[in-house]
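Enquirer: The structure file target.tsv (TSV, C-alpha atoms and all ligand atoms) is provided below.
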```
chain	number	residue	atom	x	y	z
A	5	MET	CA	0.00	0.00	0.00
A	6	THR	CA	1.34	3.44	-0.80
A	7	GLU	CA	2.22	5.67	2.10
A	8	GLN	CA	2.97	9.37	1.95
A	9	VAL	CA	4.63	11.27	4.78
A	10	VAL	CA	4.20	15.02	4.48
A	11	SER	CA	5.17	17.88	6.76
A	12	CYS	CA	3.72	21.28	7.41
A	13	PRO	CA	6.05	24.09	6.26
A	14	CYS	CA	7.67	24.49	9.71
A	15	GLY	CA	8.25	20.74	10.10
A	16	ALA	CA	6.71	20.45	13.59
A	17	ALA	CA	3.82	18.27	12.38
A	18	LYS	CA	4.28	15.17	10.25
A	19	MET	CA	1.26	13.56	8.67
A	20	THR	CA	1.22	10.02	7.33
A	21	VAL	CA	-1.40	9.18	4.70
A	22	ARG	CA	-1.84	5.54	3.67
A	23	GLY	CA	-3.44	4.26	0.48
A	24	GLU	CA	-5.27	6.13	-2.26
A	25	ALA	CA	-7.62	9.05	-1.69
A	26	LEU	CA	-11.30	8.13	-1.88
A	27	SER	CA	-12.01	11.45	-3.52
A	28	GLN	CA	-10.11	14.63	-4.46
A	29	PHE	CA	-11.83	17.93	-5.19
A	30	TYR	CA	-12.02	21.68	-4.77
A	31	CYS	CA	-14.52	22.88	-2.14
A	32	HIS	CA	-15.98	26.38	-2.45
A	33	CYS	CA	-18.20	26.24	0.68
A	34	GLY	CA	-18.27	29.17	3.09
A	35	ASP	CA	-16.92	27.03	5.93
A	36	CYS	CA	-13.77	26.10	3.99
A	37	ARG	CA	-13.31	29.65	2.68
A	38	ARG	CA	-13.59	31.29	6.09
A	39	MET	CA	-11.47	28.72	7.93
A	40	LEU	CA	-8.70	28.88	5.32
A	41	GLY	CA	-8.96	32.55	4.39
A	42	GLY	CA	-8.92	31.56	0.72
A	43	ALA	CA	-11.25	31.41	-2.26
A	44	TYR	CA	-11.62	27.63	-2.07
A	45	ALA	CA	-10.05	24.54	-0.49
A	46	LEU	CA	-8.12	21.61	-1.98
A	47	GLU	CA	-9.41	18.44	-0.32
A	48	ALA	CA	-8.20	14.84	-0.59
A	49	VAL	CA	-10.55	12.59	1.38
A	50	PHE	CA	-9.20	9.42	3.00
A	51	ARG	CA	-10.60	6.89	5.47
A	52	ALA	CA	-10.02	8.37	8.94
A	53	ASP	CA	-7.78	5.47	9.98
A	54	ALA	CA	-5.52	6.06	6.95
A	55	VAL	CA	-4.43	9.48	8.25
A	56	SER	CA	-2.24	9.97	11.33
A	57	VAL	CA	-0.25	12.93	12.65
A	58	GLU	CA	2.83	13.23	14.85
A	59	GLY	CA	3.46	16.53	16.59
A	60	ALA	CA	1.30	19.05	18.41
A	61	THR	CA	-1.93	20.08	16.69
A	62	VAL	CA	-4.77	22.48	17.36
A	63	SER	CA	-8.38	22.05	16.25
A	64	PHE	CA	-10.95	24.74	15.42
A	65	ALA	CA	-14.52	24.37	14.19
A	66	LEU	CA	-16.51	27.20	12.65
A	67	LYS	CA	-19.77	25.27	12.28
A	68	ARG	CA	-19.45	21.52	12.70
A	69	THR	CA	-16.30	20.39	10.92
A	70	PRO	CA	-13.16	20.44	13.12
A	71	ARG	CA	-10.09	21.62	11.18
A	72	VAL	CA	-6.86	20.27	12.59
A	73	SER	CA	-3.71	22.37	12.13
A	74	CYS	CA	-0.05	22.37	13.18
A	75	ALA	CA	0.13	24.03	16.61
A	76	ALA	CA	3.35	25.83	15.67
A	77	CYS	CA	2.73	27.29	12.18
A	78	GLY	CA	-1.06	26.98	11.84
A	79	THR	CA	-0.98	25.13	8.52
A	80	ARG	CA	-4.14	23.09	8.13
A	81	LEU	CA	-3.48	19.36	8.05
A	82	TYR	CA	-6.95	17.86	7.70
A	83	ALA	CA	-10.64	18.40	8.31
A	84	ASP	CA	-12.22	15.74	10.52
A	85	LEU	CA	-15.41	14.12	9.21
A	86	PRO	CA	-16.23	11.69	12.06
A	87	ARG	CA	-19.80	11.02	10.87
A	88	LEU	CA	-18.36	9.62	7.62
A	89	LYS	CA	-15.27	8.13	9.36
A	90	MET	CA	-13.15	10.14	6.92
A	91	ARG	CA	-10.58	12.91	6.96
A	92	GLY	CA	-10.23	15.61	4.34
A	93	VAL	CA	-6.49	16.16	3.95
A	94	ASN	CA	-5.24	19.58	2.86
A	95	GLY	CA	-4.50	18.91	-0.82
A	96	THR	CA	-1.80	21.59	-0.95
A	97	LEU	CA	0.39	19.24	1.14
A	98	LEU	CA	0.05	16.30	-1.28
A	99	PRO	CA	2.38	16.39	-4.31
A	100	GLY	CA	0.08	14.16	-6.39
A	101	PHE	CA	-3.13	16.08	-5.74
A	102	THR	CA	-5.46	15.52	-8.72
A	103	PRO	CA	-8.94	16.95	-8.18
A	104	ALA	CA	-11.89	15.38	-10.03
A	105	PHE	CA	-14.54	18.08	-9.50
A	106	HIS	CA	-15.54	21.30	-7.76
A	107	MET	CA	-18.29	21.38	-5.13
A	108	HIS	CA	-20.44	23.95	-3.31
A	109	CYS	CA	-20.02	26.11	-6.43
A	110	SER	CA	-23.29	27.95	-5.68
A	111	GLU	CA	-21.41	29.61	-2.78
A	112	ALA	CA	-18.23	30.34	-4.74
A	113	LEU	CA	-16.59	33.76	-4.54
A	114	ALA	CA	-14.05	32.98	-7.26
A	115	PRO	CA	-15.42	30.75	-10.04
A	116	VAL	CA	-12.76	28.56	-11.66
A	117	ARG	CA	-13.40	27.85	-15.32
A	118	ASP	CA	-11.90	24.46	-16.16
A	119	ASP	CA	-13.02	21.15	-17.65
A	120	LEU	CA	-13.99	19.53	-14.32
A	121	PRO	CA	-17.65	19.14	-13.23
A	122	HIS	CA	-18.88	22.08	-11.13
A	123	PHE	CA	-21.47	20.80	-8.64
A	124	ALA	CA	-23.78	23.43	-7.14
A	125	LYS	CA	-23.73	21.66	-3.76
A	126	MET	CA	-22.36	18.27	-2.72
A	127	PRO	CA	-22.45	15.63	-5.45
A	128	ALA	CA	-24.84	12.68	-5.16
A	129	ALA	CA	-21.96	10.37	-4.26
A	130	PHE	CA	-21.68	12.35	-0.99
A	131	GLY	CA	-25.40	12.37	-0.28
A	132	GLY	CA	-26.15	15.56	-2.21
A	133	GLU	CA	-27.40	16.03	-5.75
A	134	ASP	CA	-25.63	16.28	-9.09
A	135	THR	CA	-26.93	19.73	-10.04
A	136	LEU	CA	-24.24	21.67	-11.91
A	137	VAL	CA	-23.59	25.41	-12.23
A	138	ASP	CA	-22.70	26.82	-15.64
A	139	TRP	CA	-19.05	27.72	-15.13
B	201	ZN	ZN	-15.94	23.08	2.08
B	202	ZN	ZN	4.02	23.60	11.32
```
Represent the structure contained in this file as structure tokens.
Expert:
Amino acid sequence: MTEQVVSCPCGAAKMTVRGEALSQFYCHCGDCRRMLGGAYALEAVFRADAVSVEGATVSFALKRTPRVSCAACGTRLYADLPRLKMRGVNGTLLPGFTPAFHMHCSEALAPVRDDLPHFAKMPAAFGGEDTLVDW
């Protein structure tokens, strides 16, 4: 099984990610945008037990989703999705990040025009619906 070990920029937190991502995408939801201070988030979702971290972390939640970051430099490591038993790893830390779609595009501040599907909300595979926006 493939295993990737990635560090935050300061090196205080090391995250080990085992196996292949279940899903990789861009998320434009307000929760991701506000927590990251960016236009959208790069997410690589893995089974929760495939992601482990060494080093001190801090966790903040704006609504429901706890976002776990390095305690020293604040870089986000993953979003915890305990209801789904999954973790959404910060895709900017993964060299092979290859997103398959955009989601929560109806909330987007900065539309990205590319060839990927642009779901208005969460896609049906995640319990949402496959409605698309036209960008
Ligand atoms: Zn989001
Ligand atoms: Zn750090």
Enquirer: Show me a table, sorted first by chain and then by increasing residue number, of the residues of chain A having an atom at most 6 Å from ligand ZN 201 (chain B), each with its shortest atom pair and the distance in Å to one decimal, counting only C-alpha atoms and all ligand atoms and written as a tab-separated table.
Expert:
```
residue	atom	partner	partner_atom	distance
A:Cys31	CA	B:ZN201	ZN	4.5
A:His32	CA	B:ZN201	ZN	5.6
A:Cys33	CA	B:ZN201	ZN	4.1
A:Asp35	CA	B:ZN201	ZN	5.6
A:Cys36	CA	B:ZN201	ZN	4.2
```
Enquirer: Residues within 7 Å of ligand ZN 202 (chain B) should be enumerated using all atoms listed in the file and returned as a ChimeraX atom specification.
Expert: /A:12-17,74-79
Enquirer: Using only C-alpha atoms, which of A:Tyr82, A:Phe123, A:Phe29, A:Phe50 sits nearest Pro70 in chain A?
Expert: A:Tyr82
Enquirer: Expressed in Å to a single decimal, how great is the separation between CA of Asp84 in chain A and CA of Asp118 in chain A?
Expert: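 Separation of CA of Asp84 in chain A and CA of Asp118 in chain A: 28.1 Å.
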Enquirer: Using only C-alpha atoms, find the one residue out of A:Lys125, A:Lys18, A:Lys67, A:Arg87 that sits nearest to Ala112 in chain A.
Expert: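 Of A:Lys125, A:Lys18, A:Lys67, A:Arg87, the one nearest Ala112 in chain A, counting only C-alpha atoms, is A:Lys125.
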Enquirer: Fewer than 2 positions away in the same chain doesn't count, so skip those; otherwise give me all residues within 10 Å of range 90-105 of chain A, counting only C-alpha atoms, as a count of residues only.
Expert: 48
Enquirer: Could you state the separation of CA of His108 in chain A and CA of Gly23 in chain A in Å, given to one decimal place?
Expert: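 Distance between the two atoms: 26.3 Å.
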Enquirer: From the set A:Pro115, A:Met39, A:Thr20, A:Lys89, which residue has the shortest atom-to-atom contact distance to Gly59 in chain A, counting only C-alpha atoms?
Expert: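 Of A:Pro115, A:Met39, A:Thr20, A:Lys89, the one nearest Gly59 in chain A, counting only C-alpha atoms, is A:Thr20.
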Enquirer: Axis-aligned box over every listed atom of range 17-30 of chain A, padded by 5 Å per side: centre and edges in Å to one decimal, as lines of an AutoDock Vina configuration file?
Expert:
```
center_x = -3.9
center_y = 13.0
center_z = 3.6
size_x = 26.3
size_y = 27.4
size_z = 27.6
```
Enquirer: Which of these residues is nearest to Thr69 in chain A, using all atoms listed in the file: A:Thr135, A:Thr6, A:Gly34, A:Cys109?
Expert: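 Looking only at the distances to Thr69 in chain A, the closest residue turns out to be A:Gly34.
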Enquirer: For CA of Glu7 in chain A and CA of Val57 in chain A, determine how far apart the two atoms are, in Å to one decimal place.
Expert: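 Interatomic distance, CA of Glu7 in chain A to CA of Val57 in chain A: 13.0 Å.
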Enquirer: If we count all atoms listed in the file and set the cut-off at 7 Å, which residues sit around Ala43 in chain A, ignoring sequence neighbours fewer than 3 positions away in its own chain? Please answer as an MDAnalysis selection string.
Expert: chainID A and resid 32 37 113:114
Enquirer: With C-alpha atoms kept, could you save the residues just selected as a PDB file, in the coordinates of the input?
Expert:
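Writing done, so here's out_22.pdb:
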```pdb
ATOM      1  CA  HIS A  32     -15.980  26.380  -2.450  1.00  0.00           C
ATOM      2  CA  ARG A  37     -13.310  29.650   2.680  1.00  0.00           C
ATOM      3  CA  LEU A 113     -16.590  33.760  -4.540  1.00  0.00           C
ATOM      4  CA  ALA A 114     -14.050  32.980  -7.260  1.00  0.00           C
TER       5      ALA A 114
END
```
